[in-house]
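The structure under discussion appears below in the form of structure tokens.
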Amino acid sequence: KKKKSTKMFFSLTRALSSRRSVVRSVHSHSHFNDGEDLPPTFYDSTIDKYCKKKSHQQSLLTYKNFGKELTEHKLIMSAKYVQRELPIRLARELKRLQTLPWIMVTNPHIEAVHKSYWAAMKAIIKFPPVNTLEDDLEFTNLLKFIVKDTLDIVEKIARGVSESKSRLDKNQVDIQSFLDAFLISRIARRVMVEQHIMLHTTQADRIGIISPTCSPYNVINNVLPQVNSICEKAYGYYPKVKIHGSESVTLPYIVQHLEYILIESLKNAFRATIEERRRKTGLTHPDLPPVRVLIAPGENDITIRISDTGGGIRSEIMENIWRYGFSTVSQEQPQNSYGIGGLDWSAQLSPIAGLGFGLPLSRLHAKHFGGDFKLVVLEGYGTDAHLRLDRTGSALEIWIF
């Protein structure tokens, strides 16, 4: 195995050196930025053509098993899969954007999203078939550029929808369904692309972006300093966290996805705890009850429960808690941590903080590979956030929600 690994490393190095000029041309990607457009007839027929092609779902287990015992042939096969699959998924996203009402399509933020996706699809289609390791290296550099070029897509679509929705007729478009489909499709594409990119990087505990033995206990402990720090900057202190249940259970999972969900859940619990205690005591720095986290492994699932005593969520608010854009962070005084009210101390975590995307986007990350994310509310007492994860890794990805 060591000889094979060393041989592949030197092959990669030689291929990279021999193709420097080609790679430089890939990085320039003038067709991403030159405003070039194909004739409308070709533009439309191309999207329709790719929309009709069959797309293939994957599971974490499939990605993980394919990435084991990586060879040059496997890298090429992975590139071929992405080269075939990505234009299909991008075409469906472009079609979804094109069917939006005119007031949304012409919004500058949504228009920028459309242009970025069309440029990415055009670049992939124009790229010659990947048949060699050298082709794969060039193609992987193109994918890196596309990922970088589309990093702010969620922020753009959030702002575009926010600016457009007040000008829409009530029954003109279902914003919730559109964003669910748009965002979970993006999650699926990013997983596919970044998995291929990271297969080119040797990591002791990862296969691509997947951790075969992701430990919820370790991930919770790893994100706590970040949440503690942000809460302390906003409030001057933070509640303690007590973790119960299994410390040893693991599952194949994408650590970054779990981190995102846990950070969102913990910062909500922290804020609710502090605000409720302040309201009840009238003190600025009252003693705080702990936030409790339970890790409960089952035969096929792992459930993580985050419990606070932050007063729960009022029923009239609960009706809208999963709706995108349900946020009033501009208010001076917080009313509740769950997407509503007050000090935007989560802004350091994400550029979309304050746009009301935290909870629904957390749920989509959980659902993407067969999990779920729910809130159980005891109004007047507290809230339990239940995160269920597929322990087997065999659940197929969801890209249409």
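A note on labels: chains of the structure tokens are A, B, ... as shown, every chain counts residues from 1, and ligands are counted from 1 in their shown order.
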Subject >> Which of segment 160-374 of chain A DSSP labels strand (DSSP E or B), written as a PyMOL selection string >> reply: chain A and resi 207+210-214+241-245+251-253+291-297+301-308+372-374
Original post:
segment 13-254 of chain A: which residues are alpha helix (DSSP H) by DSSP, as number ranges by chain?
Top reply: A: 13-18, 20-28, 30-33, 40-51, 60-67, 72-98, 102-105, 108-126, 133-149, 153-164, 175-198, 216-235
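Each of A:Ser116, A:Gln226, A:Asn141, A:Thr99 was compared to Asp174 of chain A using only C-alpha atoms, and A:Thr99 turns out to be the nearest.
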**OP:** Compile the contact shell of Glu264 of chain A as a ChimeraX atom specification: residues with an atom at most 8 Å away, counting only C-alpha atoms, same-chain residues fewer than 6 positions apart removed.
**Re:** /A:358-359,362
Subject >> Close residues, Gly245 of chain A itself excluded, 9 Å, only C-alpha atoms, min 4 positions apart in chain, as a list in words >> reply: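 Close residues of Gly245 of chain A: Val293, Leu294, Ile295, Ala296 and Pro297 of chain A.
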**OP:** Could you give me, as a VMD selection string, the residues within 7 Å of Arg388 of chain A, counting only C-alpha atoms and dropping anything in the same chain fewer than 6 positions from it?
**Re:** chain A and resid 301 to 304 371 to 373
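Each of A:His109, A:Lys233, A:Lys49, A:Lys267 was checked against Ser164 of chain A using only C-alpha atoms; the smallest atom-to-atom distance is that of A:His109.
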**OP:** Excluding segment 374-378 of chain A and residues on its chain fewer than 2 positions from it, collect all residues at most 8 Å away from it, counting only C-alpha atoms, and give them as JSON, numbers by chain.
**Re:** {"A": [311, 312, 313, 363, 372, 380, 381, 382, 383, 384, 385, 386, 387]}
Original post:
Can you list, as a VMD selection string, every protein, DNA or RNA residue that comes within 12 Å of Ile153 of chain A when you count only C-alpha atoms, leaving out same-chain residues fewer than 4 positions away?
Top reply: chain A and resid 109 to 117 146 to 149 157 to 160 182 to 183 186 to 187 190 351 to 352
Original post:
Taking only C-alpha atoms into account, which of A:Met121, A:Ile254, A:Leu389, A:Ala79 comes nearest Leu94 of chain A?
Top reply: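 Of A:Met121, A:Ile254, A:Leu389, A:Ala79, the one nearest Leu94 of chain A is A:Met121, counting only C-alpha atoms.
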**OP:** Would you mind telling me which residue in A:Gln98, A:Asn171, A:Ser185, A:Ser215 lies nearest to Lys367 of chain A when using only C-alpha atoms?
**Re:**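 Looking only at the distances to Lys367 of chain A, the closest residue turns out to be A:Ser185.
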**OP:** Considering only C-alpha atoms, state which residue in the set A:Leu288, A:Leu364, A:Ile317, A:Leu251 is at the smallest distance from Ala269 of chain A.
**Re:** A:Leu288
Subject >> Separation of atom CA of Tyr238 of chain A from atom CA of Val219 of chain A, in Å and rounded to one decimal >> reply: 19.0 Å
**OP:** Would you mind telling me which residue in A:Asp136, A:Glu379, A:Asp169, A:Asp308 lies nearest to Arg277 of chain A when using only C-alpha atoms?
**Re:**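 Closest residue, counting only C-alpha atoms: A:Asp308.
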**OP:** Work out how far apart atom CA of Ala181 of chain A and atom CA of Leu90 of chain A are and give it in Å to one decimal.
**Re:**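 Between atom CA of Ala181 of chain A and atom CA of Leu90 of chain A the gap is 12.6 Å.
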